[in-house]
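Coordinates from final12.txt are shown below (compact mmCIF, C-alpha atoms).
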```txt
# COMPACT_ATOMS: atom_id res chain seq x y z
CA MET M 12 96.79 109.62 103.18
CA SER M 13 93.84 107.42 102.35
CA PHE M 14 90.78 106.53 104.48
CA THR M 15 89.25 103.69 106.51
CA VAL M 16 85.60 102.71 106.38
CA TRP M 17 84.83 101.05 109.72
CA LEU M 18 81.76 98.83 109.62
CA THR M 19 80.37 98.55 113.16
CA GLY M 20 77.33 96.55 114.18
CA ARG M 21 76.20 93.63 116.30
CA PRO M 22 77.02 90.01 115.29
CA ARG M 23 75.12 89.02 112.12
CA ALA M 24 74.35 92.63 111.21
CA GLY M 25 76.06 91.95 107.87
CA LYS M 26 79.58 93.36 108.33
CA THR M 27 81.39 90.64 106.38
CA ALA M 28 78.95 90.63 103.44
CA LEU M 29 78.94 94.42 103.06
CA GLY M 30 82.71 94.56 103.62
CA ARG M 31 83.37 92.17 100.75
CA LEU M 32 81.09 94.03 98.35
CA LEU M 33 82.53 97.39 99.34
CA ALA M 34 86.16 96.24 99.07
CA ALA M 35 85.50 94.78 95.62
CA GLU M 36 83.80 97.95 94.38
CA LEU M 37 86.47 100.25 95.84
CA GLY M 38 89.12 97.99 94.33
CA ALA M 39 87.72 98.85 90.90
CA ARG M 40 87.89 102.60 91.57
CA LEU M 41 90.99 103.15 93.72
CA PRO M 42 94.63 102.12 93.27
CA GLN M 43 94.82 100.03 96.47
CA VAL M 44 92.23 98.62 98.87
CA ARG M 45 92.41 96.21 101.83
CA HIS M 46 89.59 94.39 103.59
CA LEU M 47 90.37 93.68 107.25
CA ASP M 48 87.56 91.52 108.58
CA GLY M 49 87.18 90.72 112.26
CA ASP M 50 86.25 87.05 111.93
CA GLU M 51 89.34 86.39 109.81
CA LEU M 52 91.70 88.46 111.98
CA ARG M 53 90.56 86.59 115.09
CA GLN M 54 92.16 83.47 113.58
CA GLY M 55 95.50 85.23 113.05
CA PRO M 56 96.90 88.50 114.41
CA LEU M 57 94.17 88.81 117.07
CA ALA M 58 94.24 85.15 118.12
CA ASP M 59 95.78 85.98 121.51
CA LEU M 60 92.79 88.14 122.48
CA GLY M 61 89.49 87.14 124.04
CA PHE M 62 86.26 89.10 124.44
CA LEU M 63 86.67 90.96 127.72
CA PRO M 64 86.25 94.74 127.37
CA ALA M 65 90.01 95.42 127.54
CA GLU M 66 90.64 92.71 124.94
CA ARG M 67 87.97 94.08 122.61
CA ARG M 68 89.59 97.50 122.89
CA ALA M 69 93.04 96.02 122.21
CA ALA M 70 91.69 94.18 119.16
CA ASN M 71 90.14 97.36 117.76
CA LEU M 72 93.26 99.44 118.37
CA ARG M 73 95.53 96.81 116.82
CA VAL M 74 93.48 96.79 113.64
CA ALA M 75 93.34 100.59 113.69
CA TRP M 76 97.15 100.67 113.81
CA ALA M 77 97.42 98.45 110.74
CA ALA M 78 94.72 100.42 108.92
CA ARG M 79 96.50 103.68 109.65
CA LEU M 80 99.82 102.33 108.35
CA LEU M 81 98.07 101.22 105.17
CA ASN M 82 96.21 104.54 104.85
CA GLU M 83 99.49 106.43 105.19
CA HIS M 84 100.79 104.51 102.19
CA GLY M 85 97.72 105.20 100.07
CA VAL M 86 95.80 101.99 100.75
CA ALA M 87 92.09 102.49 101.53
CA CYS M 88 90.81 100.07 104.19
CA VAL M 89 87.46 98.46 104.87
CA VAL M 90 87.34 97.18 108.45
CA GLY M 91 84.57 94.92 109.72
CA GLN M 92 84.71 94.68 113.51
CA ILE M 93 81.93 94.98 116.07
CA ALA M 94 83.65 97.80 118.04
CA PRO M 95 80.77 97.69 120.53
CA TYR M 96 81.74 100.51 122.90
CA ALA M 97 81.17 104.22 122.27
CA ALA M 98 84.44 105.09 124.06
CA ILE M 99 86.58 102.91 121.83
CA ARG M 100 84.87 104.24 118.70
CA ASP M 101 85.80 107.75 119.89
CA GLU M 102 89.40 106.51 120.18
CA LEU M 103 89.26 105.08 116.67
CA ARG M 104 87.96 108.37 115.34
CA SER M 105 90.89 110.26 116.86
CA THR M 106 93.45 107.57 115.92
CA LEU M 107 92.51 107.33 112.27
CA PRO M 108 92.64 110.62 110.36
CA GLY M 109 90.47 109.17 107.58
CA TYR M 110 87.92 107.39 109.82
CA VAL M 111 84.48 106.86 108.28
CA GLU M 112 82.03 105.14 110.64
CA VAL M 113 79.25 103.06 109.10
CA TYR M 114 76.65 101.74 111.52
CA LEU M 115 74.98 98.54 110.35
CA GLU M 116 71.71 98.93 112.22
CA CYS M 117 70.00 95.58 112.72
CA PRO M 118 67.59 94.85 115.59
CA LEU M 119 68.62 91.94 117.81
CA GLU M 120 65.61 89.83 116.80
CA LEU M 121 66.43 90.13 113.10
CA ALA M 122 70.13 89.37 113.68
CA MET M 123 69.16 86.25 115.63
CA ASN M 124 66.68 85.35 112.90
CA ARG M 125 69.23 85.39 110.06
CA ASP M 126 71.82 83.46 112.06
CA ALA M 127 72.01 80.28 109.97
CA GLU M 128 75.27 79.14 111.63
CA GLY M 129 73.71 79.14 115.11
CA LEU M 130 76.12 81.69 116.59
CA TYR M 131 73.46 83.19 118.87
CA ALA M 132 72.31 79.75 120.00
CA ARG M 133 75.89 78.90 121.03
CA ALA M 134 76.23 82.27 122.79
CA LEU M 135 72.98 81.72 124.69
CA ALA M 136 74.24 78.26 125.67
CA GLY M 137 77.25 79.98 127.26
CA GLU M 138 79.80 78.51 124.83
CA LEU M 139 81.30 81.76 123.50
CA GLY M 140 82.12 84.06 126.41
CA PRO M 141 80.87 87.67 126.60
CA PHE M 142 78.71 88.29 123.51
CA SER M 143 77.86 91.73 122.12
CA GLY M 144 74.17 92.52 122.48
CA LEU M 145 73.49 89.67 124.90
CA ASP M 146 75.60 89.62 128.08
CA ASP M 147 77.99 92.32 126.81
CA PRO M 148 76.67 95.67 125.58
CA TYR M 149 76.48 96.83 121.99
CA GLU M 150 76.25 100.59 122.44
CA GLU M 151 74.53 102.11 119.39
CA PRO M 152 76.66 104.71 117.60
CA ALA M 153 75.38 108.21 118.42
CA ALA M 154 76.88 110.00 115.41
CA PRO M 155 78.05 107.62 112.68
CA HIS M 156 78.83 109.08 109.26
CA ILE M 157 76.41 106.64 107.64
CA ILE M 158 73.60 104.42 108.97
CA CYS M 159 72.68 101.36 106.91
CA PRO M 160 69.48 99.72 108.17
CA THR M 161 70.70 96.24 107.32
CA GLY M 162 67.73 94.65 109.08
CA ARG M 163 65.53 95.74 106.16
CA GLN M 164 68.08 96.35 103.39
CA SER M 165 70.06 94.08 101.07
CA PRO M 166 73.88 94.25 101.09
CA ALA M 167 73.71 95.80 97.59
CA GLU M 168 71.43 98.59 98.89
CA SER M 169 73.81 99.23 101.81
CA LEU M 170 76.70 99.31 99.34
CA ALA M 171 74.95 101.98 97.25
CA MET M 172 74.44 104.15 100.36
CA VAL M 173 78.08 103.91 101.41
CA LEU M 174 79.38 104.58 97.89
CA ALA M 175 77.10 107.62 97.51
CA TRP M 176 78.46 109.04 100.76
CA LEU M 177 82.10 108.37 99.82
CA GLU M 178 81.55 109.96 96.40
CA ALA M 179 79.89 113.02 97.91
CA ALA M 180 82.79 113.34 100.36
CA GLY M 181 85.23 113.27 97.44
CA LEU M 182 86.97 110.14 98.77
CA VAL M 183 86.02 107.94 95.83
CA PRO M 184 85.61 108.85 92.15
CA PRO M 185 82.18 108.19 90.63
CA GLY M 186 81.68 104.69 89.30
CA PRO M 187 81.22 103.81 85.60
CA ALA M 188 77.44 104.25 85.76
CA ALA M 189 77.62 107.70 87.32
CA ALA M 190 80.50 108.83 85.11
CA SER M 191 78.70 107.83 81.90
CA GLN M 192 75.83 110.17 82.83
CA ASP M 193 78.10 113.15 82.08
CA SER M 194 77.47 112.65 78.37
CA PRO M 195 75.62 109.94 76.45
CA TYR M 196 78.00 110.41 73.48
CA THR M 197 81.48 109.14 72.66
CA PRO M 198 84.12 111.86 72.04
CA GLU M 199 83.82 111.20 68.27
CA GLU M 200 80.04 111.60 68.41
CA GLU M 201 80.41 114.78 70.43
CA ARG M 202 82.78 116.18 67.78
CA LEU M 203 80.28 115.37 65.03
CA VAL M 204 77.40 116.96 66.98
CA GLU M 205 79.49 120.06 67.63
CA GLN M 206 80.42 120.29 63.92
CA ARG M 207 76.76 119.88 62.90
CA LEU M 208 75.72 122.65 65.31
CA LYS M 209 78.49 124.87 63.85
CA ASP M 210 77.36 124.07 60.29
CA LEU M 211 73.85 125.12 61.22
CA GLY M 212 75.14 128.38 62.70
CA TYR M 213 74.31 127.67 66.31
CA LEU M 214 77.93 127.81 67.54
CA MET I 6 104.58 91.84 96.83
CA SER I 7 107.50 93.82 98.23
CA PHE I 8 110.09 92.81 100.84
CA THR I 9 111.08 93.37 104.48
CA VAL I 10 114.63 93.93 105.67
CA TRP I 11 114.71 92.80 109.29
CA LEU I 12 117.61 94.26 111.27
CA THR I 13 118.37 91.95 114.19
CA GLY I 14 121.05 92.50 116.78
CA ARG I 15 121.61 93.09 120.47
CA PRO I 16 120.73 96.44 122.11
CA ARG I 17 123.04 99.21 120.87
CA ALA I 18 124.21 97.17 117.87
CA GLY I 19 123.03 100.07 115.69
CA LYS I 20 119.60 98.96 114.46
CA THR I 21 117.97 102.39 114.64
CA ALA I 22 120.85 104.25 112.97
CA LEU I 23 121.17 101.77 110.10
CA GLY I 24 117.38 101.53 109.78
CA ARG I 25 117.06 105.29 109.28
CA LEU I 26 119.83 105.42 106.69
CA LEU I 27 118.46 102.40 104.83
CA ALA I 28 114.86 103.65 104.84
CA ALA I 29 115.99 107.03 103.49
CA GLU I 30 118.08 105.46 100.71
CA LEU I 31 115.35 102.97 99.74
CA GLY I 32 112.86 105.84 99.77
CA ALA I 33 114.87 107.46 96.97
CA ARG I 34 114.82 104.29 94.86
CA LEU I 35 111.46 102.64 95.50
CA PRO I 36 107.86 103.92 95.29
CA GLN I 37 107.02 103.27 98.95
CA VAL I 38 109.09 102.47 102.05
CA ARG I 39 108.24 102.20 105.76
CA HIS I 40 110.61 102.12 108.73
CA LEU I 41 109.18 100.19 111.69
CA ASP I 42 111.58 100.67 114.58
CA GLY I 43 111.28 98.68 117.79
CA ASP I 44 112.01 101.51 120.22
CA GLU I 45 109.27 103.65 118.68
CA LEU I 46 106.74 100.81 118.39
CA ARG I 47 107.20 99.95 122.06
CA GLN I 48 105.65 103.37 122.87
CA GLY I 49 102.58 102.65 120.75
CA PRO I 50 101.20 99.46 119.22
CA LEU I 51 103.49 97.23 121.35
CA ALA I 52 102.99 99.16 124.60
CA ASP I 53 100.96 96.32 126.15
CA LEU I 54 103.90 93.91 125.88
CA GLY I 55 106.83 93.35 128.21
CA PHE I 56 110.07 91.44 127.70
CA LEU I 57 109.26 87.87 128.68
CA PRO I 58 109.97 85.33 125.90
CA ALA I 59 106.29 84.97 124.93
CA GLU I 60 105.92 88.76 124.83
CA ARG I 61 109.03 89.21 122.68
CA ARG I 62 107.62 86.64 120.28
CA ALA I 63 104.24 88.41 120.23
CA ALA I 64 105.96 91.75 119.55
CA ASN I 65 107.92 90.29 116.64
CA LEU I 66 104.88 88.57 115.13
CA ARG I 67 102.74 91.69 115.46
CA VAL I 68 105.29 93.76 113.57
CA ALA I 69 105.66 90.96 111.00
CA TRP I 70 101.89 91.06 110.42
CA ALA I 71 101.99 94.80 109.71
CA ALA I 72 105.09 94.44 107.53
CA ARG I 73 103.42 91.70 105.52
CA LEU I 74 100.28 93.78 104.96
CA LEU I 75 102.45 96.66 103.75
CA ASN I 76 104.56 94.34 101.58
CA GLU I 77 101.41 92.96 99.97
CA HIS I 78 100.50 96.50 98.94
CA GLY I 79 103.91 97.24 97.47
CA VAL I 80 105.48 98.98 100.48
CA ALA I 81 109.03 97.84 101.30
CA CYS I 82 109.68 97.68 105.06
CA VAL I 83 112.76 98.17 107.20
CA VAL I 84 112.20 96.64 110.64
CA GLY I 85 114.56 97.22 113.54
CA GLN I 86 113.77 94.81 116.37
CA ILE I 87 116.10 92.64 118.45
CA ALA I 88 114.27 89.35 117.61
CA PRO I 89 116.69 87.54 119.93
CA TYR I 90 115.53 83.93 119.51
CA ALA I 91 116.46 81.62 116.62
CA ALA I 92 113.01 79.98 116.74
CA ILE I 93 111.12 83.24 116.31
CA ARG I 94 113.40 84.31 113.46
CA ASP I 95 112.53 81.02 111.74
CA GLU I 96 108.87 81.95 112.20
CA LEU I 97 109.48 85.38 110.72
CA ARG I 98 111.19 83.82 107.73
CA SER I 99 108.18 81.60 107.04
CA THR I 100 105.64 84.38 107.80
CA LEU I 101 107.16 86.99 105.53
CA PRO I 102 107.59 85.92 101.89
CA GLY I 103 110.07 88.75 101.30
CA TYR I 104 112.09 88.34 104.50
CA VAL I 105 115.71 89.55 104.36
CA GLU I 106 117.60 89.01 107.61
CA VAL I 107 120.45 91.39 108.40
CA TYR I 108 122.50 90.53 111.46
CA LEU I 109 124.13 93.53 113.10
CA GLU I 110 127.06 91.75 114.71
CA CYS I 111 128.43 93.72 117.63
CA PRO I 112 130.27 92.13 120.58
CA LEU I 113 128.71 92.76 123.98
CA GLU I 114 131.70 94.80 125.22
CA LEU I 115 131.51 97.16 122.24
CA ALA I 116 127.73 97.55 122.57
CA MET I 117 128.14 98.43 126.25
CA ASN I 118 130.96 100.78 125.34
CA ARG I 119 128.94 102.85 122.87
CA ASP I 120 125.94 103.07 125.18
CA ALA I 121 125.87 106.82 125.84
CA GLU I 122 122.32 106.74 127.28
CA GLY I 123 123.28 104.23 129.99
CA LEU I 124 120.84 101.53 128.88
CA TYR I 125 123.17 98.71 129.91
CA ALA I 126 123.88 100.36 133.28
CA ARG I 127 120.14 100.50 133.98
CA ALA I 128 119.73 96.88 132.87
CA LEU I 129 122.59 95.76 135.12
CA ALA I 130 120.94 97.67 137.99
CA GLY I 131 117.84 95.54 137.41
CA GLU I 132 115.65 98.43 136.28
CA LEU I 133 114.60 97.08 132.85
CA GLY I 134 113.47 93.47 133.21
CA PRO I 135 114.90 90.65 131.08
CA PHE I 136 117.59 92.17 128.84
CA SER I 137 118.87 90.57 125.63
CA GLY I 138 122.50 89.50 125.95
CA LEU I 139 122.59 89.87 129.74
CA ASP I 140 119.98 87.87 131.69
CA ASP I 141 118.02 86.93 128.53
CA PRO I 142 119.74 85.26 125.57
CA TYR I 143 120.61 86.88 122.29
CA GLU I 144 121.04 83.84 120.05
CA GLU I 145 123.32 84.71 117.14
CA PRO I 146 121.70 84.18 113.72
CA ALA I 147 123.07 81.01 112.13
CA ALA I 148 122.20 81.87 108.51
CA PRO I 149 121.35 85.54 108.02
CA HIS I 150 121.24 86.90 104.48
CA ILE I 151 123.73 89.61 105.40
CA ILE I 152 126.11 90.13 108.32
CA CYS I 153 127.15 93.70 109.11
CA PRO I 154 129.99 93.81 111.66
CA THR I 155 128.69 97.00 113.25
CA GLY I 156 131.23 96.72 116.06
CA ARG I 157 133.95 97.81 113.62
CA GLN I 158 131.94 99.44 110.82
CA SER I 159 130.23 102.80 110.41
CA PRO I 160 126.48 102.91 109.66
CA ALA I 161 127.34 104.18 106.15
CA GLU I 162 129.54 101.12 105.56
CA SER I 163 126.76 98.81 106.77
CA LEU I 164 124.34 100.62 104.49
CA ALA I 165 126.59 100.02 101.48
CA MET I 166 126.72 96.27 102.27
CA VAL I 167 122.94 95.96 102.57
CA LEU I 168 122.29 97.96 99.42
CA ALA I 169 124.80 95.90 97.43
CA TRP I 170 123.01 92.72 98.53
CA LEU I 171 119.54 94.08 97.71
CA GLU I 172 120.76 95.26 94.30
CA ALA I 173 122.35 91.88 93.56
CA ALA I 174 119.10 90.16 94.58
CA GLY I 175 117.20 92.38 92.16
CA LEU I 176 115.05 93.84 94.94
CA VAL I 177 116.32 97.40 94.54
CA PRO I 178 117.41 99.22 91.38
CA PRO I 179 120.99 100.50 91.31
CA GLY I 180 121.45 103.95 92.83
CA PRO I 181 122.57 107.04 90.88
CA ALA I 182 126.27 106.35 91.44
CA ALA I 183 126.11 102.71 90.28
CA ALA I 184 123.87 103.52 87.32
CA SER I 185 126.20 106.23 86.02
CA GLN I 186 129.04 103.69 85.88
CA ASP I 187 127.31 101.96 82.97
CA SER I 188 128.59 104.64 80.62
CA PRO I 189 130.51 107.85 81.27
CA TYR I 190 128.75 109.47 78.28
CA THR I 191 125.38 111.13 77.77
CA PRO I 192 123.11 109.51 75.13
CA GLU I 193 124.01 112.37 72.72
CA GLU I 194 127.74 111.78 73.30
CA GLU I 195 127.27 108.05 72.79
CA ARG I 196 125.53 108.72 69.48
CA LEU I 197 128.41 110.94 68.34
CA VAL I 198 131.02 108.37 69.41
CA GLU I 199 129.12 105.63 67.57
CA GLN I 200 128.88 107.78 64.42
CA ARG I 201 132.63 108.56 64.58
CA LEU I 202 133.44 104.85 64.90
CA LYS I 203 131.19 104.12 61.92
CA ASP I 204 132.84 106.90 59.91
CA LEU I 205 136.21 105.33 60.66
CA GLY I 206 134.97 101.93 59.50
CA TYR I 207 135.05 100.21 62.92
CA LEU I 208 131.28 99.52 63.10
```
Show me the file's structure as structure tokens.
Amino acid sequence: MSFTVWLTGRPRAGKTALGRLLAAELGARLPQVRHLDGDELRQGPLADLGFLPAERRAANLRVAWAARLLNEHGVACVVGQIAPYAAIRDELRSTLPGYVEVYLECPLELAMNRDAEGLYARALAGELGPFSGLDDPYEEPAAPHIICPTGRQSPAESLAMVLAWLEAAGLVPPGPAAASQDSPYTPEEERLVEQRLKDLGYL
Amino acid sequence: MSFTVWLTGRPRAGKTALGRLLAAELGARLPQVRHLDGDELRQGPLADLGFLPAERRAANLRVAWAARLLNEHGVACVVGQIAPYAAIRDELRSTLPGYVEVYLECPLELAMNRDAEGLYARALAGELGPFSGLDDPYEEPAAPHIICPTGRQSPAESLAMVLAWLEAAGLVPPGPAAASQDSPYTPEEERLVEQRLKDLGYL
């Protein structure tokens, strides 16, 4: 049984960017990793669903099903999906045994500010249907495992926070940088140092 | 990339029984195997879907999505789902790179005959909605990879047919019985036999 890191946050909070970085880094440390990103899934296996509350819930549960299947076969998952309702996030937590909730905290003004593709402008023009944080609620997570203040943090800084948490939880082995801090010497150097200390009578 | 064996056939053709046997046998020969059975999925991730043609298609494609994800991470899948329409089976074939279609051929009379739970009786009483092979078509596969005549074959016999095909296709290594036919001798015995033949001047 592996785990699923669920990145929740309003549109343009940085879910896709952080998801890609995290999936790449986990891919270097774990046998199998899968990135399931909302924007991409909406073009395929979620294409039949719109943005009404029941459809958002169905979309989240469908992805949770796939993530759980993958987890059960040893594949760690990184999911990027808004998951805007507290009730559905509670369902996700009880559906996924290895659920790790990461809240990408980004104030609405900043999210709108960094929206180069004009998603918010289209939403405000009424072109996109119910939109999280505007005419549909984005309920802030009350007890996420990790909060990344992406409004004032780079994706790389968010990545470091998430990795530190996953390492501390024992879900991910330390990366090369952390591992190399165990000893600054190669095994051969360590043997020579040990021999030298023995020669000098310290061991 | 692994593969998916899709068991198609009318209700009571034996999809669940063969699926369980096949998943167990593949589990002994491959690193990872998953059985995705229609009856079980209908209680969970397909619970929102009924039995109208568009819903049957959606159910098949949803399972194909999960199977493909698992295949991409090295998990072989055994799917048991009616998949009654030729058009949707064509879609499955093009969706799943490792699609192996097994047609469980069982005449309607025999399927009705072995229906201990009274599924057909309930369908005929109008309790179940559109029912494959009665008021909804079951279109016989025109070009399945394997045909198992489950109307006059035990699940174990069907299993042997499917395994033989998968072995011949190189998708599954030979089982213990087949492997032991390569030589009746242990490596030590083979060495002794070889030495004896050399001693006698035959090698």
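Contact shell of M:His156 at 9 Å (all atoms listed in the file; same-chain neighbours under 2 positions omitted): Val111, Glu112, Val113, Tyr114, Ala154, Ile158 and Trp176 of chain M.
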Just need the residues of chain M within 7 Å of chain I, counting only C-alpha atoms, so spit them out as a ChimeraX atom specification. /M:56,73,76-77,81
Restrict the selected residues to C-alpha atoms and save them as an mmCIF file, in the coordinates of the input.
```cif
data_model
loop_
_atom_site.group_PDB
_atom_site.id
_atom_site.type_symbol
_atom_site.label_atom_id
_atom_site.label_comp_id
_atom_site.auth_asym_id
_atom_site.auth_seq_id
_atom_site.Cartn_x
_atom_site.Cartn_y
_atom_site.Cartn_z
ATOM 1 C CA PRO M 56 96.900 88.500 114.410
ATOM 2 C CA ARG M 73 95.530 96.810 116.820
ATOM 3 C CA TRP M 76 97.150 100.670 113.810
ATOM 4 C CA ALA M 77 97.420 98.450 110.740
ATOM 5 C CA LEU M 81 98.070 101.220 105.170
#
```
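Atom CA of M:Ala70 is positioned 15.5 Å from atom CA of M:Val89.
For the point (109.5, 100.2, 130.3) in file coordinates, the residues within 12 Å, using only C-alpha atoms, are I:Asp44, I:Arg47, I:Gln48, I:Leu51, I:Ala52, I:Asp53, I:Leu54, I:Gly55, I:Phe56, I:Leu124, I:Arg127, I:Ala128, I:Gly131, I:Glu132, I:Leu133, I:Gly134, I:Pro135, I:Phe136.
When only C-alpha atoms are used to compute distances to M:Gly109, the closest of the residues M:Phe14, M:Tyr96, M:Tyr131, M:Tyr149 turns out to be M:Phe14.
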Please complete stretch 147-160 of chain I so it has N, CA and C atoms, and hand it over as a tab-separated table (two decimals), in the coordinates of the input.
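Once everything was written out, this is out.tsv:
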```
chain	number	residue	atom	x	y	z
I	147	ALA	N	122.20	82.03	112.73
I	147	ALA	CA	123.07	81.01	112.13
I	147	ALA	C	123.21	81.23	110.62
I	148	ALA	N	122.15	81.74	109.97
I	148	ALA	CA	122.20	81.87	108.51
I	148	ALA	C	121.49	83.14	108.05
I	149	PRO	N	121.97	84.31	108.50
I	149	PRO	CA	121.35	85.54	108.02
I	149	PRO	C	121.70	85.76	106.55
I	150	HIS	N	120.90	86.57	105.86
I	150	HIS	CA	121.24	86.90	104.48
I	150	HIS	C	122.48	87.79	104.41
I	151	ILE	N	122.61	88.66	105.39
I	151	ILE	CA	123.73	89.61	105.40
I	151	ILE	C	124.23	89.74	106.85
I	152	ILE	N	125.55	89.82	107.01
I	152	ILE	CA	126.11	90.13	108.32
I	152	ILE	C	126.84	91.46	108.21
I	153	CYS	N	126.44	92.42	109.04
I	153	CYS	CA	127.15	93.70	109.11
I	153	CYS	C	127.90	93.74	110.45
I	154	PRO	N	129.23	93.75	110.41
I	154	PRO	CA	129.99	93.81	111.66
I	154	PRO	C	129.99	95.23	112.22
I	155	THR	N	128.86	95.60	112.84
I	155	THR	CA	128.69	97.00	113.25
I	155	THR	C	129.61	97.40	114.39
I	156	GLY	N	130.27	96.39	115.01
I	156	GLY	CA	131.23	96.72	116.06
I	156	GLY	C	132.45	97.44	115.50
I	157	ARG	N	132.77	97.18	114.22
I	157	ARG	CA	133.95	97.81	113.62
I	157	ARG	C	133.61	98.38	112.23
I	158	GLN	N	132.41	98.93	112.11
I	158	GLN	CA	131.94	99.44	110.82
I	158	GLN	C	131.04	100.64	111.09
I	159	SER	N	131.12	101.64	110.25
I	159	SER	CA	130.23	102.80	110.41
I	159	SER	C	128.86	102.45	109.83
I	160	PRO	N	127.79	103.15	110.25
I	160	PRO	CA	126.48	102.91	109.66
I	160	PRO	C	126.50	103.05	108.14
```
